[in-house]
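Enquirer: What follows is query18.txt, made up of compact mmCIF, C-alpha atoms:
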```
# COMPACT_ATOMS: atom_id res chain seq x y z
CA MET A 1402 59.86 94.93 114.87
CA PRO A 1403 57.71 97.73 116.39
CA ALA A 1404 59.73 97.50 119.58
CA MET A 1405 62.92 98.09 117.63
CA PHE A 1406 61.38 101.11 115.93
CA SER A 1407 60.26 102.59 119.25
CA TYR A 1408 63.63 101.99 120.86
CA ALA A 1409 65.40 103.78 118.03
CA LEU A 1410 63.35 106.97 118.24
CA SER A 1411 64.40 110.00 120.26
CA THR A 1412 62.61 113.07 121.55
CA ASP A 1413 61.30 115.67 119.13
CA GLU A 1414 63.94 118.16 120.28
CA GLU A 1415 66.82 115.75 119.65
CA GLN A 1416 65.42 114.84 116.26
CA ASP A 1417 64.98 118.50 115.27
CA ASP A 1418 68.63 119.18 116.17
CA GLU A 1419 69.80 116.25 114.07
CA ILE A 1420 67.73 117.32 111.06
CA ALA A 1421 68.96 120.90 111.32
CA ASN A 1422 72.58 119.71 111.35
CA TYR A 1423 72.02 116.88 108.91
CA GLU A 1424 74.75 115.90 106.51
CA ARG A 1425 73.93 112.75 104.59
CA LYS A 1426 76.53 110.03 104.51
CA TYR A 1427 75.96 108.50 101.10
CA LEU A 1428 75.62 104.80 101.61
CA THR A 1429 77.79 102.57 99.56
CA TRP A 1430 77.92 98.83 99.33
CA VAL A 1431 81.13 96.86 99.22
CA ALA A 1432 80.16 93.44 98.00
CA GLU A 1433 82.10 90.51 96.69
CA PRO A 1434 82.66 91.11 92.95
CA PRO A 1435 80.82 88.85 90.50
CA ASP A 1436 84.08 87.08 89.66
CA SER A 1437 86.96 85.83 91.78
CA SER A 1438 89.68 87.58 89.81
CA LEU A 1439 90.32 90.02 92.62
CA GLY A 1440 91.28 87.30 95.04
CA ASN A 1441 91.22 88.21 98.71
CA LEU A 1442 91.57 91.93 98.10
CA SER A 1443 87.89 92.71 98.62
CA SER A 1444 86.94 89.85 100.91
CA SER A 1445 88.08 91.61 104.05
CA SER A 1446 85.68 94.47 103.48
CA SER A 1447 82.88 92.71 101.67
CA SER A 1448 80.55 92.67 104.67
CA ALA A 1449 80.81 96.33 105.64
CA PRO A 1450 79.56 99.55 104.06
CA TYR A 1451 82.18 101.83 102.62
CA LEU A 1452 81.61 105.48 103.50
CA PRO A 1453 83.27 108.56 101.97
CA ASN A 1454 84.80 109.39 105.38
CA ALA A 1455 86.55 106.05 105.65
CA SER A 1456 90.22 105.78 106.47
CA THR A 1457 92.97 106.42 103.96
CA SER A 1458 93.79 102.71 103.87
CA ALA A 1459 90.20 101.91 102.80
CA LEU A 1460 90.39 104.53 100.08
CA THR A 1461 93.68 103.08 98.85
CA LEU A 1462 92.15 99.61 98.83
CA GLU A 1463 89.25 100.85 96.71
CA GLU A 1464 91.59 102.56 94.26
CA LEU A 1465 93.69 99.41 94.01
CA ARG A 1466 90.59 97.32 93.37
CA ARG A 1467 89.49 99.64 90.56
CA THR A 1468 92.95 99.52 89.00
CA GLN A 1469 92.94 95.72 89.09
CA VAL A 1470 89.53 95.61 87.41
CA LEU A 1471 90.71 98.05 84.74
CA ASP A 1472 93.80 95.97 84.04
CA ALA A 1473 91.76 92.77 83.93
CA VAL A 1474 89.33 94.25 81.39
CA LEU A 1475 92.13 95.59 79.17
CA ALA A 1476 94.05 92.30 79.30
CA THR A 1477 91.37 90.16 77.64
CA ASP A 1478 88.99 90.14 74.70
CA ASP A 1479 86.81 87.36 76.13
CA LEU A 1480 83.43 88.93 76.79
CA TYR A 1481 82.70 86.72 79.80
CA ASP A 1482 85.98 87.65 81.44
CA ILE A 1483 85.48 91.33 80.64
CA LEU A 1484 82.12 91.34 82.39
CA GLY A 1485 83.36 89.05 85.15
CA VAL A 1486 80.69 86.35 84.77
CA SER A 1487 80.77 82.61 84.20
CA HIS A 1488 79.04 80.64 81.47
CA ASP A 1489 76.38 79.08 83.73
CA SER A 1490 72.77 80.07 83.21
CA SER A 1491 72.27 81.76 86.61
CA SER A 1492 75.13 84.19 85.95
CA LEU A 1493 73.53 85.13 82.64
CA GLU A 1494 70.16 86.07 84.08
CA LYS A 1495 69.19 89.69 83.50
CA VAL A 1496 69.55 90.82 87.11
CA ASN A 1497 72.98 89.21 87.45
CA LEU A 1498 74.26 90.63 84.16
CA ARG A 1499 73.10 94.08 85.21
CA ARG A 1500 74.82 93.69 88.55
CA ALA A 1501 78.03 92.63 86.84
CA TYR A 1502 77.83 95.50 84.36
CA LEU A 1503 77.21 98.13 87.05
CA THR A 1504 80.13 96.81 89.09
CA ARG A 1505 82.53 96.74 86.14
CA SER A 1506 81.43 100.05 84.61
CA LYS A 1507 81.73 101.75 87.98
CA ALA A 1508 85.28 100.45 88.43
CA CYS A 1509 86.33 101.29 84.85
CA HIS A 1510 84.55 104.59 84.44
CA PRO A 1511 86.82 107.21 82.80
CA ASP A 1512 85.96 109.69 85.55
CA LYS A 1513 87.81 107.42 87.96
CA PHE A 1514 90.94 107.57 85.77
CA PRO A 1515 91.14 111.14 84.41
CA ASN A 1516 94.79 110.69 83.41
CA ASN A 1517 94.42 107.28 81.83
CA PRO A 1518 92.97 107.30 78.28
CA LYS A 1519 92.81 103.49 78.33
CA ALA A 1520 89.94 103.71 80.82
CA THR A 1521 87.64 104.93 78.06
CA PHE A 1522 88.41 101.83 76.00
CA ALA A 1523 87.87 99.59 79.04
CA PHE A 1524 84.52 101.28 79.66
CA GLN A 1525 83.57 100.63 76.02
CA LYS A 1526 84.64 96.97 76.26
CA VAL A 1527 82.43 96.44 79.31
CA ALA A 1528 79.48 97.96 77.41
CA VAL A 1529 80.06 95.68 74.42
CA ALA A 1530 80.34 92.61 76.66
CA TYR A 1531 77.05 93.43 78.34
CA ASP A 1532 75.30 94.23 75.07
CA VAL A 1533 76.32 90.90 73.48
CA LEU A 1534 75.80 88.64 76.50
CA SER A 1535 72.48 90.16 77.56
CA LYS A 1536 70.81 89.22 74.26
CA PRO A 1537 70.30 85.44 73.82
CA SER A 1538 70.65 85.59 70.04
CA SER A 1539 73.93 87.52 70.03
CA ARG A 1540 75.23 85.42 72.93
CA ARG A 1541 74.56 82.19 71.01
CA LEU A 1542 76.31 83.65 67.98
CA TYR A 1543 79.28 84.65 70.10
CA ASP A 1544 79.46 81.22 71.80
CA SER A 1545 79.34 79.42 68.45
CA ARG A 1546 82.11 81.46 66.82
CA SER A 1547 85.16 79.69 65.51
CA SER A 1548 88.31 79.85 67.62
CA SER A 1549 90.11 81.24 64.57
CA SER A 1550 87.56 84.01 64.04
CA ASN A 1551 89.10 87.46 63.76
CA TYR A 1552 85.85 89.38 64.11
CA ASP A 1553 86.44 92.47 66.26
CA TYR A 1554 83.37 92.95 68.45
CA PHE A 1555 84.69 96.22 69.83
CA ALA A 1556 85.49 97.92 66.53
CA ALA A 1557 82.02 97.03 65.23
CA ARG A 1558 80.35 99.32 67.77
CA PRO A 1559 80.13 103.12 67.38
CA THR A 1560 81.89 105.27 69.97
CA SER A 1561 78.53 106.38 71.38
CA HIS A 1562 77.59 102.77 72.13
CA ALA A 1563 79.06 102.78 75.64
CA GLU A 1564 77.07 105.84 76.70
CA GLU A 1565 73.85 104.39 75.28
CA THR A 1566 74.38 101.09 77.10
CA PHE A 1567 75.22 102.94 80.30
CA ARG A 1568 72.01 104.97 80.17
CA GLY A 1569 69.95 101.92 79.19
CA VAL A 1570 71.13 99.83 82.16
CA VAL A 1571 70.60 102.67 84.66
CA LEU A 1572 67.08 103.29 83.32
CA GLY A 1573 66.37 99.55 83.33
CA VAL A 1574 67.27 99.26 87.01
CA ILE A 1575 65.16 102.31 87.89
CA ASN A 1576 62.16 101.06 85.91
CA ASP A 1577 62.25 97.56 87.40
CA PHE A 1578 62.66 98.94 90.91
CA LEU A 1579 59.88 101.53 90.66
CA ASP A 1580 57.56 98.96 89.08
CA GLY A 1581 58.26 96.35 91.77
CA ASP A 1582 60.21 96.86 94.98
CA ILE A 1583 58.91 100.40 95.54
CA GLU A 1584 55.91 98.92 97.37
CA VAL A 1585 58.32 97.56 99.99
CA ILE A 1586 59.47 101.14 100.57
CA ARG A 1587 55.89 102.35 100.89
CA THR A 1588 55.10 99.69 103.50
CA LEU A 1589 58.15 100.55 105.58
CA LEU A 1590 57.43 104.29 105.44
CA LYS A 1591 53.88 103.64 106.62
CA ALA A 1592 55.24 101.64 109.56
CA ILE A 1593 57.61 104.46 110.48
CA ASN A 1594 54.78 106.99 110.26
CA ASP A 1595 52.53 104.90 112.51
CA ILE A 1596 55.21 104.44 115.18
CA ASN A 1597 56.66 107.95 115.04
CA PRO A 1598 53.82 110.44 114.43
CA ALA A 1599 56.18 113.31 115.35
CA LEU A 1600 57.55 113.01 111.80
CA LYS A 1601 54.17 114.18 110.51
CA LEU A 1602 54.74 112.08 107.43
CA GLY A 1603 51.19 111.03 106.65
CA GLU A 1604 49.89 109.59 103.41
CA ASP A 1605 50.57 112.86 101.59
CA GLY A 1606 54.21 112.82 102.72
CA ILE A 1607 54.68 109.21 101.66
CA ASP A 1608 53.10 109.94 98.28
CA SER A 1609 55.33 113.00 97.77
CA VAL A 1610 58.46 110.96 98.47
CA LEU A 1611 57.41 108.19 96.08
CA THR A 1612 56.33 110.72 93.43
CA THR A 1613 59.77 112.32 93.66
CA LEU A 1614 61.37 108.94 93.10
CA ASP A 1615 59.22 108.48 90.01
CA SER A 1616 60.22 111.92 88.72
CA ILE A 1617 63.85 110.79 88.81
CA ARG A 1618 63.02 108.28 86.09
CA GLU A 1619 61.80 111.12 83.86
CA ARG A 1620 64.90 113.21 84.56
CA ALA A 1621 67.19 110.30 83.74
CA LEU A 1622 65.64 110.01 80.27
CA THR A 1623 67.11 113.32 79.16
CA CYS A 1624 69.69 114.30 81.79
CA ARG A 1625 73.20 112.90 81.45
CA THR A 1626 74.24 114.39 84.80
CA CYS A 1627 71.34 112.59 86.50
CA VAL A 1628 72.32 109.25 85.00
CA TYR A 1629 75.88 109.56 86.25
CA ALA A 1630 74.71 110.69 89.68
CA LEU A 1631 72.41 107.67 89.95
CA HIS A 1632 74.99 105.15 88.76
CA ALA A 1633 76.80 104.69 92.08
CA GLN A 1634 73.60 104.66 94.15
CA LEU A 1635 71.92 102.13 91.86
CA SER A 1636 75.01 99.92 91.98
CA HIS A 1637 74.56 99.77 95.76
CA LEU A 1638 70.83 99.19 95.40
CA VAL A 1639 71.38 96.24 93.05
CA GLU A 1640 73.92 94.74 95.47
CA VAL A 1641 71.41 94.97 98.35
CA GLN A 1642 68.72 93.38 96.18
CA HIS A 1643 71.14 90.56 95.34
CA ALA A 1644 71.99 90.01 99.02
CA PHE A 1645 68.29 90.03 99.87
CA ARG A 1646 67.60 87.23 97.37
CA GLN A 1647 70.27 85.07 98.98
CA LEU A 1648 68.59 85.15 102.41
CA SER A 1649 66.35 82.44 103.74
CA TYR A 1650 62.69 83.38 103.90
CA PHE A 1651 62.87 82.71 107.65
CA ASP A 1652 65.80 85.07 108.24
CA LEU A 1653 63.53 87.84 109.48
CA LEU A 1654 66.27 89.95 111.05
CA GLY A 1655 68.42 89.78 107.94
CA ARG A 1656 65.51 90.64 105.68
CA SER A 1657 64.48 93.52 107.96
CA ARG A 1658 68.02 94.88 108.01
CA LEU A 1659 68.35 94.77 104.22
CA THR A 1660 64.90 96.28 103.72
CA ILE A 1661 65.96 99.25 105.83
CA ARG A 1662 69.24 99.57 103.95
CA LEU A 1663 67.35 99.37 100.64
CA THR A 1664 65.03 102.13 101.81
CA ARG A 1665 67.90 104.37 102.90
CA ILE A 1666 69.65 104.00 99.56
CA THR A 1667 66.38 104.67 97.74
CA LEU A 1668 65.71 107.84 99.74
CA GLY A 1669 69.22 108.99 98.84
CA LEU A 1670 68.47 108.97 95.10
CA PRO A 1671 66.77 112.41 95.01
CA LEU A 1672 69.55 113.87 97.16
CA ALA A 1673 72.23 112.48 94.85
CA VAL A 1674 70.49 113.92 91.78
CA GLU A 1675 69.93 117.29 93.42
CA LYS A 1676 73.54 117.51 94.58
CA ALA A 1677 74.85 116.72 91.07
CA LEU A 1678 72.52 119.18 89.34
CA ILE A 1679 73.33 122.01 91.74
CA ALA A 1680 77.05 121.33 91.37
CA GLU A 1681 76.62 121.51 87.61
CA GLN A 1682 74.95 124.92 87.91
CA LEU A 1683 77.60 126.20 90.32
CA ASN A 1684 80.62 125.42 88.16
CA TYR A 1685 81.71 127.84 85.49
CA PRO A 1686 84.57 127.64 82.93
CA ASP A 1687 86.58 130.29 84.79
CA GLY A 1688 86.55 128.14 87.90
CA LYS A 1689 84.43 130.57 89.89
CA GLU A 1690 81.29 129.50 91.65
CA LYS A 1691 78.04 131.28 92.13
CA LYS A 1692 76.00 130.51 95.22
CA LEU A 1693 72.40 129.79 94.37
CA PRO A 1694 69.56 130.92 96.64
CA ARG A 1695 68.02 128.21 98.80
CA ASP A 1696 64.73 128.31 96.89
CA ASN A 1697 66.59 127.37 93.70
CA ARG A 1698 66.94 123.75 94.76
CA ILE A 1699 65.68 120.99 92.53
CA PHE A 1700 63.20 119.57 95.04
CA PRO A 1701 61.05 121.44 97.60
CA GLN A 1702 62.89 122.14 100.85
CA ARG A 1703 60.15 120.50 102.89
CA LEU A 1704 60.59 117.29 100.92
CA THR A 1705 64.37 117.37 101.41
CA LEU A 1706 63.96 117.87 105.16
CA LEU A 1707 61.46 115.02 105.24
CA ILE A 1708 63.95 112.70 103.56
CA HIS A 1709 66.61 113.80 106.04
CA ALA A 1710 64.31 113.00 108.96
CA LEU A 1711 63.44 109.59 107.55
CA ASP A 1712 67.08 108.72 107.02
CA ILE A 1713 67.92 109.65 110.62
CA VAL A 1714 65.14 107.42 111.96
CA LEU A 1715 66.06 104.53 109.66
CA GLU A 1716 69.72 104.75 110.62
CA ARG A 1717 68.76 104.40 114.28
CA VAL A 1718 66.51 101.47 113.56
CA GLU A 1719 69.24 99.79 111.51
CA ARG A 1720 71.66 100.07 114.43
CA THR A 1721 69.23 98.27 116.75
CA ILE A 1722 68.98 95.13 114.63
CA PRO A 1723 71.62 92.57 115.66
CA GLY A 1724 73.82 91.03 113.03
CA PRO A 1725 76.68 91.99 110.74
CA LEU A 1726 76.83 95.44 109.19
CA PHE A 1727 75.88 95.75 105.53
```
Starting from the file, give its structure as structure tokens.

Expert:
Amino acid sequence: MPAMFSYALSTDEEQDDEIANYERKYLTWVAEPPDSSLGNLSSSSSSAPYLPNASTSALTLEELRRTQVLDAVLATDDLYDILGVSHDSSSLEKVNLRRAYLTRSKACHPDKFPNNPKATFAFQKVAVAYDVLSKPSSRRLYDSRSSSSNYDYFAARPTSHAEETFRGVVLGVINDFLDGDIEVIRTLLKAINDINPALKLGEDGIDSVLTTLDSIRERALTCRTCVYALHAQLSHLVEVQHAFRQLSYFDLLGRSRLTIRLTRITLGLPLAVEKALIAEQLNYPDGKEKKLPRDNRIFPQRLTLLIHALDIVLERVERTIPGPLF
């Protein structure tokens, strides 16, 4: 692994140029959906990352996939089908239910269908399905219901329920990640610092990055914009975690590749939040925008530049590891 790190690193001058001209490509993760209702539509792209600069055909494919998910959710009242999970116990584990919810809510989010009022109802149905199936007591009650029961699970929830569920799942993913897998990120950052001292990362730099990640949790508690900004990134993070769990313990290259991808997505969380918050400040009702001074950014500029540098190094390392793209 150290050899791969060394091979991926360039001269200080080249790295400085890249950081100065850095424009982050937000990593996304196209994974096979939790159910098979989409057929072969997503299978052709399930092993490759989907980037915002992808071709028009890829964009059309993504839009078509979202529309199919929306239609599938609206067409049924079965909570398992709405969430896209089966009745077996492994599908109903917390991590798998969260993954299914994030995938469905992302596809059905009203922001994706601004001219379709039915998207709001689909988003609410996904929230209800997750809320019922994620609690063993309510799931048993739902499973034991009579086939002739006319109880409307969706009407029984207040309109604010979907937003509360959405925030709760996002915070749950953040909390579990920061309380567990964050140590994997720390270890990898230390390795990068040891092999590439030109980054001048040091223990203080590593701590500042991890502290910033922890501050995101606090922002998400009260900031609706932050929650929505984190949704897409956390969906990708959960998919990488799921793929990681499927690997053999002896698949060292695969595990290394996914650890790097996990780190890159994690480092992108502060950038996604900052971008969303600045955009919110820039937009005014009259449609005009006001340019904020550089020192008005959410996070210190040095920290942002440090994250940029780390992402550049990690991208190079990722390209050196043989195997399929993720």

Enquirer: List every residue of range 1463-1572 of chain A that has an atom at most 10 Å from any atom of range 1623-1633 of chain A, and for each one report the closest atom pair and its distance in Å to one decimal, counting all atoms listed in the file, with rows sorted by chain and then by increasing residue number, as a tab-separated table.

Expert:
```
residue	atom	partner	partner_atom	distance
A:Leu1503	CA	A:His1632	CA	7.6
A:Thr1504	CA	A:Ala1633	CA	9.1
A:Ser1506	CA	A:His1632	CA	9.2
A:Lys1507	CA	A:Ala1633	CA	7.1
A:Glu1564	CA	A:Arg1625	CA	9.3
A:Phe1567	CA	A:Val1628	CA	8.4
A:Arg1568	CA	A:Val1628	CA	6.5
A:Gly1569	CA	A:Val1628	CA	9.6
A:Val1570	CA	A:His1632	CA	9.3
A:Val1571	CA	A:His1632	CA	6.5
A:Leu1572	CA	A:Val1628	CA	8.1
```

Enquirer: What's the separation between CA of Ala1563 in chain A and CA of His1510 in chain A, in Å to one decimal place?

Expert: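 Separating CA of Ala1563 in chain A from CA of His1510 in chain A is a distance of 10.5 Å.
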
Enquirer: Dig up all the protein and nucleic acid residues within 10 Å of (62.6, 100.7, 108.3) in the file frame, using all atoms listed in the file, and format them as a list in words.

Expert: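 Residues with an atom close enough to that point: Met1402, Pro1403, Met1405, Phe1406, Val1585, Ile1586, Thr1588, Leu1589, Leu1590, Lys1591, Ala1592, Ile1593, Ser1657, Arg1658, Leu1659, Thr1660, Ile1661, Arg1662, Leu1663, Thr1664, Arg1665, Leu1711, Asp1712, Val1714, Leu1715, Glu1716, Arg1717, Val1718 and Glu1719 of chain A.
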
Enquirer: Rank nothing, just name the residue among A:Ala1528, A:Ala1501, A:Ala1680, A:Ala1710 nearest to His1643 in chain A, using only C-alpha atoms.

Expert: A:Ala1501

Enquirer: Between CA of Cys1509 in chain A and CA of Arg1466 in chain A, what is the spacing in Å?

Expert: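 Value for the CA of Arg1466 in chain A-CA of Cys1509 in chain A distance: 10.3 Å.
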
Enquirer: Any chance you could export range 1514-1545 of chain A with N, CA and C atoms, as a PDB file, in the first residue's frame?

Expert:
```
ATOM      1  N   PHE A1514     -38.889  16.613  -8.459  1.00  0.00           N
ATOM      2  CA  PHE A1514     -40.086  16.697  -9.301  1.00  0.00           C
ATOM      3  C   PHE A1514     -40.849  17.984  -8.955  1.00  0.00           C
ATOM      4  N   PRO A1515     -40.286  19.142  -9.261  1.00  0.00           N
ATOM      5  CA  PRO A1515     -40.914  20.411  -8.869  1.00  0.00           C
ATOM      6  C   PRO A1515     -42.290  20.637  -9.475  1.00  0.00           C
ATOM      7  N   ASN A1516     -42.584  19.968 -10.587  1.00  0.00           N
ATOM      8  CA  ASN A1516     -43.875  20.164 -11.255  1.00  0.00           C
ATOM      9  C   ASN A1516     -44.828  18.997 -11.055  1.00  0.00           C
ATOM     10  N   ASN A1517     -44.485  18.128 -10.102  1.00  0.00           N
ATOM     11  CA  ASN A1517     -45.318  16.959  -9.863  1.00  0.00           C
ATOM     12  C   ASN A1517     -45.713  16.912  -8.386  1.00  0.00           C
ATOM     13  N   PRO A1518     -46.923  17.362  -8.049  1.00  0.00           N
ATOM     14  CA  PRO A1518     -47.347  17.380  -6.635  1.00  0.00           C
ATOM     15  C   PRO A1518     -47.441  15.987  -6.023  1.00  0.00           C
ATOM     16  N   LYS A1519     -47.553  14.954  -6.850  1.00  0.00           N
ATOM     17  CA  LYS A1519     -47.640  13.593  -6.324  1.00  0.00           C
ATOM     18  C   LYS A1519     -46.330  13.152  -5.676  1.00  0.00           C
ATOM     19  N   ALA A1520     -45.231  13.820  -6.013  1.00  0.00           N
ATOM     20  CA  ALA A1520     -43.939  13.452  -5.432  1.00  0.00           C
ATOM     21  C   ALA A1520     -43.939  13.664  -3.923  1.00  0.00           C
ATOM     22  N   THR A1521     -44.630  14.689  -3.470  1.00  0.00           N
ATOM     23  CA  THR A1521     -44.710  14.947  -2.028  1.00  0.00           C
ATOM     24  C   THR A1521     -45.391  13.792  -1.316  1.00  0.00           C
ATOM     25  N   PHE A1522     -46.468  13.274  -1.909  1.00  0.00           N
ATOM     26  CA  PHE A1522     -47.166  12.138  -1.305  1.00  0.00           C
ATOM     27  C   PHE A1522     -46.288  10.895  -1.322  1.00  0.00           C
ATOM     28  N   ALA A1523     -45.547  10.682  -2.415  1.00  0.00           N
ATOM     29  CA  ALA A1523     -44.645   9.531  -2.495  1.00  0.00           C
ATOM     30  C   ALA A1523     -43.564   9.631  -1.416  1.00  0.00           C
ATOM     31  N   PHE A1524     -43.029  10.824  -1.230  1.00  0.00           N
ATOM     32  CA  PHE A1524     -42.021  11.065  -0.202  1.00  0.00           C
ATOM     33  C   PHE A1524     -42.581  10.748   1.179  1.00  0.00           C
ATOM     34  N   GLN A1525     -43.839  11.117   1.418  1.00  0.00           N
ATOM     35  CA  GLN A1525     -44.487  10.840   2.697  1.00  0.00           C
ATOM     36  C   GLN A1525     -44.722   9.342   2.880  1.00  0.00           C
ATOM     37  N   LYS A1526     -45.083   8.656   1.802  1.00  0.00           N
ATOM     38  CA  LYS A1526     -45.313   7.206   1.886  1.00  0.00           C
ATOM     39  C   LYS A1526     -44.026   6.469   2.241  1.00  0.00           C
ATOM     40  N   VAL A1527     -42.921   6.889   1.658  1.00  0.00           N
ATOM     41  CA  VAL A1527     -41.631   6.262   1.964  1.00  0.00           C
ATOM     42  C   VAL A1527     -41.286   6.464   3.438  1.00  0.00           C
ATOM     43  N   ALA A1528     -41.564   7.657   3.963  1.00  0.00           N
ATOM     44  CA  ALA A1528     -41.294   7.938   5.377  1.00  0.00           C
ATOM     45  C   ALA A1528     -42.145   7.053   6.282  1.00  0.00           C
ATOM     46  N   VAL A1529     -43.415   6.893   5.947  1.00  0.00           N
ATOM     47  CA  VAL A1529     -44.307   6.049   6.748  1.00  0.00           C
ATOM     48  C   VAL A1529     -43.836   4.598   6.706  1.00  0.00           C
ATOM     49  N   ALA A1530     -43.465   4.119   5.532  1.00  0.00           N
ATOM     50  CA  ALA A1530     -42.991   2.739   5.394  1.00  0.00           C
ATOM     51  C   ALA A1530     -41.771   2.500   6.267  1.00  0.00           C
ATOM     52  N   TYR A1531     -40.840   3.440   6.241  1.00  0.00           N
ATOM     53  CA  TYR A1531     -39.637   3.287   7.068  1.00  0.00           C
ATOM     54  C   TYR A1531     -39.992   3.331   8.552  1.00  0.00           C
ATOM     55  N   ASP A1532     -40.842   4.265   8.930  1.00  0.00           N
ATOM     56  CA  ASP A1532     -41.193   4.434  10.336  1.00  0.00           C
ATOM     57  C   ASP A1532     -41.845   3.177  10.899  1.00  0.00           C
ATOM     58  N   VAL A1533     -42.729   2.552  10.129  1.00  0.00           N
ATOM     59  CA  VAL A1533     -43.427   1.350  10.597  1.00  0.00           C
ATOM     60  C   VAL A1533     -42.494   0.145  10.610  1.00  0.00           C
ATOM     61  N   LEU A1534     -41.763  -0.067   9.536  1.00  0.00           N
ATOM     62  CA  LEU A1534     -40.940  -1.273   9.409  1.00  0.00           C
ATOM     63  C   LEU A1534     -39.672  -1.228  10.256  1.00  0.00           C
ATOM     64  N   SER A1535     -39.239  -0.046  10.642  1.00  0.00           N
ATOM     65  CA  SER A1535     -38.000   0.045  11.421  1.00  0.00           C
ATOM     66  C   SER A1535     -38.229  -0.213  12.907  1.00  0.00           C
ATOM     67  N   LYS A1536     -39.477  -0.247  13.333  1.00  0.00           N
ATOM     68  CA  LYS A1536     -39.802  -0.527  14.737  1.00  0.00           C
ATOM     69  C   LYS A1536     -40.417  -1.923  14.825  1.00  0.00           C
ATOM     70  N   PRO A1537     -39.780  -2.852  15.535  1.00  0.00           N
ATOM     71  CA  PRO A1537     -40.279  -4.234  15.603  1.00  0.00           C
ATOM     72  C   PRO A1537     -41.742  -4.335  16.036  1.00  0.00           C
ATOM     73  N   SER A1538     -42.151  -3.526  17.004  1.00  0.00           N
ATOM     74  CA  SER A1538     -43.529  -3.624  17.490  1.00  0.00           C
ATOM     75  C   SER A1538     -44.529  -3.204  16.413  1.00  0.00           C
ATOM     76  N   SER A1539     -44.279  -2.091  15.758  1.00  0.00           N
ATOM     77  CA  SER A1539     -45.213  -1.635  14.718  1.00  0.00           C
ATOM     78  C   SER A1539     -45.134  -2.539  13.489  1.00  0.00           C
ATOM     79  N   ARG A1540     -43.974  -3.128  13.231  1.00  0.00           N
ATOM     80  CA  ARG A1540     -43.850  -4.045  12.094  1.00  0.00           C
ATOM     81  C   ARG A1540     -44.659  -5.316  12.357  1.00  0.00           C
ATOM     82  N   ARG A1541     -44.579  -5.849  13.591  1.00  0.00           N
ATOM     83  CA  ARG A1541     -45.378  -7.035  13.923  1.00  0.00           C
ATOM     84  C   ARG A1541     -46.861  -6.736  13.804  1.00  0.00           C
ATOM     85  N   LEU A1542     -47.270  -5.574  14.260  1.00  0.00           N
ATOM     86  CA  LEU A1542     -48.675  -5.186  14.158  1.00  0.00           C
ATOM     87  C   LEU A1542     -49.095  -5.080  12.698  1.00  0.00           C
ATOM     88  N   TYR A1543     -48.250  -4.518  11.886  1.00  0.00           N
ATOM     89  CA  TYR A1543     -48.562  -4.390  10.462  1.00  0.00           C
ATOM     90  C   TYR A1543     -48.633  -5.770   9.793  1.00  0.00           C
ATOM     91  N   ASP A1544     -47.696  -6.659  10.131  1.00  0.00           N
ATOM     92  CA  ASP A1544     -47.672  -7.990   9.524  1.00  0.00           C
ATOM     93  C   ASP A1544     -48.872  -8.842   9.950  1.00  0.00           C
ATOM     94  N   SER A1545     -49.399  -8.571  11.128  1.00  0.00           N
ATOM     95  CA  SER A1545     -50.510  -9.381  11.643  1.00  0.00           C
ATOM     96  C   SER A1545     -51.877  -8.804  11.295  1.00  0.00           C
TER      97      SER A1545
END
```
